[in-house]
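Read through the structure below, which is laid out as structure tokens, and then see the notes.
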Amino acid sequence: MNIELKQPLRTAKSKLSIVDCDIHPRASLEDLRPYLSNHWWHYIQTYGLRQRHGHVKGYPFPKPTPLASRRDSWPPGGGPPASDLDFTREQHLDFYGIEHGIMNPLAPSGQGDQNAELSAALAFAINEWQVADWVRREPRFKASVVVPYEDAVASVAEIRRRAGNRDFAHVLLLSRTSEALGRRRYWPIFEAAVEAGLPVGVHVFGYSGWAMTGTGWPSFYLEEGIENATTTQQLIASMIMEGVFERYPDLKVVLIETGFAWLPALGWRLDKHWQRMRDEVPHVKRPPSEYLREHFWVSTQPMEETDKAEQLIDVMEWIGFDRLLFASDYPHWDFDDPFLSLPPSLSDARRRAIYADNARALYRLA
Amino acid sequence: MTMNGLHSIDCDVHPTVPDIQALFPYLDEVWRESIETRGILSLESASYPPNAPITARPDWRGPDGQAATSAADIGRHVFDRFKSSIAICNCLYGVQLVLNEDMAVAFTRALNDWIAKEWLDRDDRLRASIVVPMQNVESAVEEIERCAPDRRFVQILVLAMQEVPLGRRQFWPIYAAAERHKLPLGIHAGSSYRHPVTALGWPTYYVEDYVAQAQGFQSQVASLISEGVFAKFPALKVVLMESGVTWLPGFLWRFSKYWRGLRTEVPWVDRPPEEIVREHFRLTLQPFDTPAPDLVERAVEHLRCDDMLLYSSDFPHWQFDGDDPVPAGIPQALRRKILVENPVATYDRLKADRPEEAAR
Amino acid sequence: MARHIVAPVGEIPAGGRKLVSVAGRAIVVFNVAGEFFALNNRCPHRGGSLAHGKLTGLLESPQPGKYRYSRPGEIIRCPWHSWEFDIRTGRSWCDPQRLRARQYKVSVEPGASLVEGPYKAETFPVTVENDYVVVEA
């Protein structure tokens, strides 16, 4: 194979201001070693990380590409995609002129591990690593406060440890938690996040320990892709119907990598049935769609592809142009290119809002 | 009666089993005795708690609190008030929840016999779905074969949430039978509760359970298409009943987008999922989740298919107030299609006014 | 349209590919069992670089559960969203009517005819002994 790219095929359009709300830096276990005790290091080497699915390596639904990544994102110097800060800068931040990137590390974060204490140890480690290895060296990045969400007490401790540190943009959870996020066991996490002035980011995936749908296990990765949207619909319904936003009126939730075209229909459905069954949930004092509108933001990737641009713009209007946050999902395969993903017919003001202004306001970026 | 004479075909009404004893005449002695000896009180499903608002509109409930317990009841409302000409009965008594296969089969048979005797025989404007015991595929096929000769049965009925997704090959003999008899597969909101209704466990509130049904439908459409059911059964139609409808466009955009890149995982899916859905799937109208009339019109436009919606009242479930089950905002130009033409096109056995006409 | 010499034939062996810049466009040239094809490098879906994609065969299915694999090495999958493009025709597999990778004519010309000719040679000298891949763009 003779691929020699002597210079970028395109040059960054410096006029477009971009905040990328979903980038996945990858740590190796070696990278995390300095931040782990000997006990946990030995534990990991011996027993490994154990998600609620049983595979030692890989996933129940194998990804379509190695490490679910773009095939061109493997650093020439070696290592897996998004493990090399320099290459990430070159291929992504510099290439697109990205002003700020929010990091959502997924592996090996230990989130949802069957061993909650291990999960807490890894959360601490990956938070240290994000700052020391990435944010300190590249100020365009902001880190996530990764928390061991199945253990609320340990999560609160980790949030408090990072509170006030402007290197961190939000608290990071995954969407498939062992109970829906509205349930009381998770409330201390919301309380600590609000106390720290941090939004809560909910990124798709994780393993709840239940079948991936209410009707059992699907067969294909294609179906898992669809279920990322349905599961998110369920966690939103839970948070609203349990009254999380009545209890925490300052809580902000960012839905990451969920897509968004399904969101208005969920709001309508929640409203319709809340109207009928308000007496079951008297603590939900307002129509659910109002909580949705006031407390949730949603990243744009993977952006749905409609037959006509007007349909997508309808959906964006229904959600609110101030709620949408551009995200690339670098280095994953279903990456949205900053230059090519938004409908061309959007006004400049709306583009600016989605590409940068909404994120700057939400995350209080310079 | 030609199609011109039809006012509307209500594709989703719900006979209520007044009590378990109503099924006794249709059960073998073994099961009657089992019910009495073991104190089996009812098979009502928690998908519709009897006193929950959605289960029945207050002005439709009788003095004992139940609604739609007789054919006359349906006649009063669906035919006299809402002016329908034909109504399809989908009985949601929870026989699909039963874990003992033999018991499930016995109850399912009894239920179908009860529907034929107490409903179809009493009003020739009524049609029904064959309730199918998904617990055992062979028995399910037998039940279809047993009931299909009665042409007043126009569909087979399964629930939106099963033990495994509906597209799985283990269910294909059921779809073969359905296709053979030209009976659509009717998927109705509700769960057999083999799993919690969400991927995140058991929800706290009933309202969450009900809202989650829309996600159940999404999972089933994804499964039926991904597994290649329509490649194998090109004549099979599927009707999604009481789903909420407006989740469909957003779902299809996502599904088709992913399919374009992931086609090789399911190489028998040889065209975009949205095309397959427009050809094979139909949705009953109530509930229509979108509120304001202008949004209703937009939502229908997003569906991009005039053939898809089938009129329904969902009687006696409380989805609307007043006497017009058609939501405000449904385009006038589509009314005739929704009320009559689409149902007639979907249900082969409705094409003849009388069953003997269909046999010709 | 101009003709551009992009490589001596030996530089792109069977199963190989070369990314070249021709008249300001990035073009990827494939050698499929001795035949050469050239596609615009930008995936028509969302702009991924096809030169970085995965070469596969064509997977079809006569019915669910049955897999028919043919034409190894004739499909290029975009490195991003994995869309499949038939190298021979440029057509996308999921939407052959509407979406295709733009194709360019490719030919193999003997060096002798090119040495004196008016064609552009991109990055290397043309010698009489070799055959060269020529792209029209």
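Following the order of the structure tokens, chains are lettered A, B, ..., residues in each are numbered from 1, and ligands are numbered from 1.
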Which residues, written as number ranges by chain, have at least one atom at most 12 Å from B:Gly5, with only C-alpha atoms counted and residues fewer than 6 positions away on the same chain left out? B: 83-86, 336, 340-341, 353
Residues of chain C near chain A: apply a cut-off of 7 Å, count only C-alpha atoms, and supply the list as a ChimeraX atom specification. /C:16-19,46,52-53,79-81
How about saving the chosen residues, N, CA, C and O atoms kept, as an mmCIF file, in the first residue's frame?
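This is the output file selection-v5.cif:
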```cif
data_model
loop_
_atom_site.group_PDB
_atom_site.id
_atom_site.type_symbol
_atom_site.label_atom_id
_atom_site.label_comp_id
_atom_site.auth_asym_id
_atom_site.auth_seq_id
_atom_site.Cartn_x
_atom_site.Cartn_y
_atom_site.Cartn_z
ATOM 1 N N GLY C 16 -2.958 -3.722 -4.254
ATOM 2 C CA GLY C 16 -2.438 -2.499 -3.654
ATOM 3 C C GLY C 16 -3.211 -1.268 -4.081
ATOM 4 O O GLY C 16 -4.154 -1.336 -4.867
ATOM 5 N N ARG C 17 -2.783 -0.145 -3.558
ATOM 6 C CA ARG C 17 -3.428 1.117 -3.889
ATOM 7 C C ARG C 17 -2.415 2.237 -3.706
ATOM 8 O O ARG C 17 -1.425 2.078 -2.992
ATOM 9 N N LYS C 18 -2.676 3.347 -4.355
ATOM 10 C CA LYS C 18 -1.819 4.517 -4.171
ATOM 11 C C LYS C 18 -2.693 5.758 -4.156
ATOM 12 O O LYS C 18 -3.574 5.924 -5.001
ATOM 13 N N LEU C 19 -2.422 6.611 -3.192
ATOM 14 C CA LEU C 19 -3.135 7.883 -3.099
ATOM 15 C C LEU C 19 -2.300 8.937 -3.794
ATOM 16 O O LEU C 19 -1.125 9.122 -3.476
ATOM 17 N N ARG C 46 -19.578 11.343 3.759
ATOM 18 C CA ARG C 46 -19.151 12.415 4.653
ATOM 19 C C ARG C 46 -17.654 12.710 4.551
ATOM 20 O O ARG C 46 -17.061 13.191 5.499
ATOM 21 N N HIS C 52 -7.669 5.102 2.855
ATOM 22 C CA HIS C 52 -7.416 4.501 4.167
ATOM 23 C C HIS C 52 -8.426 3.432 4.509
ATOM 24 O O HIS C 52 -8.446 2.926 5.631
ATOM 25 N N GLY C 53 -9.258 3.087 3.564
ATOM 26 C CA GLY C 53 -10.333 2.151 3.852
ATOM 27 C C GLY C 53 -9.905 0.705 3.796
ATOM 28 O O GLY C 53 -8.760 0.379 3.489
ATOM 29 N N PRO C 79 -13.091 4.268 5.579
ATOM 30 C CA PRO C 79 -12.527 4.056 6.912
ATOM 31 C C PRO C 79 -13.367 4.657 8.026
ATOM 32 O O PRO C 79 -13.158 4.362 9.200
ATOM 33 N N TRP C 80 -14.317 5.493 7.665
ATOM 34 C CA TRP C 80 -15.165 6.090 8.688
ATOM 35 C C TRP C 80 -16.417 5.256 8.895
ATOM 36 O O TRP C 80 -16.409 4.351 9.733
ATOM 37 N N HIS C 81 -17.466 5.516 8.104
ATOM 38 C CA HIS C 81 -18.748 4.866 8.377
ATOM 39 C C HIS C 81 -18.911 3.525 7.686
ATOM 40 O O HIS C 81 -19.997 2.969 7.636
#
```
Applying 8 Å and only C-alpha atoms, which residues near stretch 233-250 of chain B remain after dropping the ones on its own chain fewer than 5 positions away? List them as JSON, numbers by chain. {"A": [261, 262, 265, 266, 269, 304], "B": [12, 175, 176, 178, 179, 182, 183, 184, 185, 186, 187, 188, 189, 213, 214, 217, 218, 280, 281, 282, 283, 284, 285, 286, 287, 288, 289, 290, 299, 300, 302, 303, 314, 346]}
At a cut-off of 10 Å, list the chain C residues touching chain B, using only C-alpha atoms, as a ChimeraX atom specification. /C:58-68,77-78,80-84,92-95
At most 6 Å to chain A: residues in chain B, only C-alpha atoms, as number ranges by chain: B: 161-165, 195-201, 215, 246-247, 250, 253-254, 289-290
DSSP-assigned helix (DSSP H, G or I) members of stretch 111-342 of chain B, reported as a ChimeraX atom specification: /B:111-120,137-147,169-180,206-226,229-232,248-265,273-280,293-303,332-342
Which polymer residues have any atom within 7 Å of an atom of stretch 107-113 of chain B, counting only C-alpha atoms, with same-chain residues fewer than 2 positions away left out, as a ChimeraX atom specification? /B:23,26-27,95,103-105,115-117,130-133
Writer output for current selection, N, CA and C atoms, as a JSON list (two decimals), in the first residue's frame:
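What ended up in again-v3.json:
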```json
[["chain", "number", "residue", "atom", "x", "y", "z"],
["B", 23, "LEU", "N", -64.14, -17.80, 31.41],
["B", 23, "LEU", "CA", -63.47, -18.71, 30.48],
["B", 23, "LEU", "C", -63.79, -20.18, 30.76],
["B", 26, "TYR", "N", -64.93, -22.81, 28.30],
["B", 26, "TYR", "CA", -64.02, -23.07, 27.18],
["B", 26, "TYR", "C", -62.74, -23.78, 27.62],
["B", 27, "LEU", "N", -62.70, -24.13, 28.92],
["B", 27, "LEU", "CA", -61.54, -24.81, 29.47],
["B", 27, "LEU", "C", -61.87, -26.26, 29.79],
["B", 95, "VAL", "N", -52.81, -13.94, 29.15],
["B", 95, "VAL", "CA", -52.44, -15.35, 28.96],
["B", 95, "VAL", "C", -50.98, -15.48, 28.53],
["B", 103, "MET", "N", -50.47, -24.68, 30.53],
["B", 103, "MET", "CA", -51.49, -23.79, 31.07],
["B", 103, "MET", "C", -51.71, -22.63, 30.10],
["B", 104, "ALA", "N", -50.59, -22.10, 29.59],
["B", 104, "ALA", "CA", -50.69, -20.98, 28.66],
["B", 104, "ALA", "C", -51.51, -21.37, 27.44],
["B", 105, "VAL", "N", -51.25, -22.53, 26.90],
["B", 105, "VAL", "CA", -51.96, -22.97, 25.70],
["B", 105, "VAL", "C", -53.44, -23.16, 26.00],
["B", 115, "ILE", "N", -63.81, -15.35, 22.74],
["B", 115, "ILE", "CA", -63.95, -14.21, 21.84],
["B", 115, "ILE", "C", -64.92, -14.55, 20.70],
["B", 116, "ALA", "N", -64.75, -15.74, 20.12],
["B", 116, "ALA", "CA", -65.61, -16.13, 19.01],
["B", 116, "ALA", "C", -67.07, -16.22, 19.45],
["B", 117, "LYS", "N", -67.27, -16.84, 20.61],
["B", 117, "LYS", "CA", -68.63, -17.10, 21.07],
["B", 117, "LYS", "C", -69.32, -15.85, 21.62],
["B", 130, "ILE", "N", -56.31, -13.47, 16.61],
["B", 130, "ILE", "CA", -56.04, -14.74, 17.26],
["B", 130, "ILE", "C", -54.93, -14.50, 18.27],
["B", 131, "VAL", "N", -55.25, -14.66, 19.56],
["B", 131, "VAL", "CA", -54.21, -14.54, 20.58],
["B", 131, "VAL", "C", -53.32, -15.78, 20.48],
["B", 132, "VAL", "N", -52.02, -15.57, 20.47],
["B", 132, "VAL", "CA", -51.10, -16.66, 20.15],
["B", 132, "VAL", "C", -50.21, -16.98, 21.36],
["B", 133, "PRO", "N", -50.11, -18.26, 21.76],
["B", 133, "PRO", "CA", -49.26, -18.61, 22.91],
["B", 133, "PRO", "C", -47.79, -18.68, 22.51]]
```
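From atom CA of B:Cys91 back to atom CA of B:Glu143, the distance works out to 15.3 Å.
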Interatomic distance, atom CA of A:Lys285 to atom CA of B:Val211 (Å, one decimal):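 The value is 17.9 Å.
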Run DSSP on the backbone and tell me which residues of stretch 24-101 of chain C come out as strand (DSSP E or B); list them as a count of residues only. 39
List the neighbours of B:Arg335 out to 12 Å using only C-alpha atoms; skip same-chain residues closer than 6 positions along the sequence, and give me the result as a ChimeraX atom specification. /B:7-9,285,300,306-307,309-311,325-329,341-343
Using only C-alpha atoms, can you tell me which of C:Leu99, C:Tyr132, C:Ala26, C:Arg71 comes closest to C:Pro44?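 Answer, going by the shortest atom-to-atom distance: C:Leu99.
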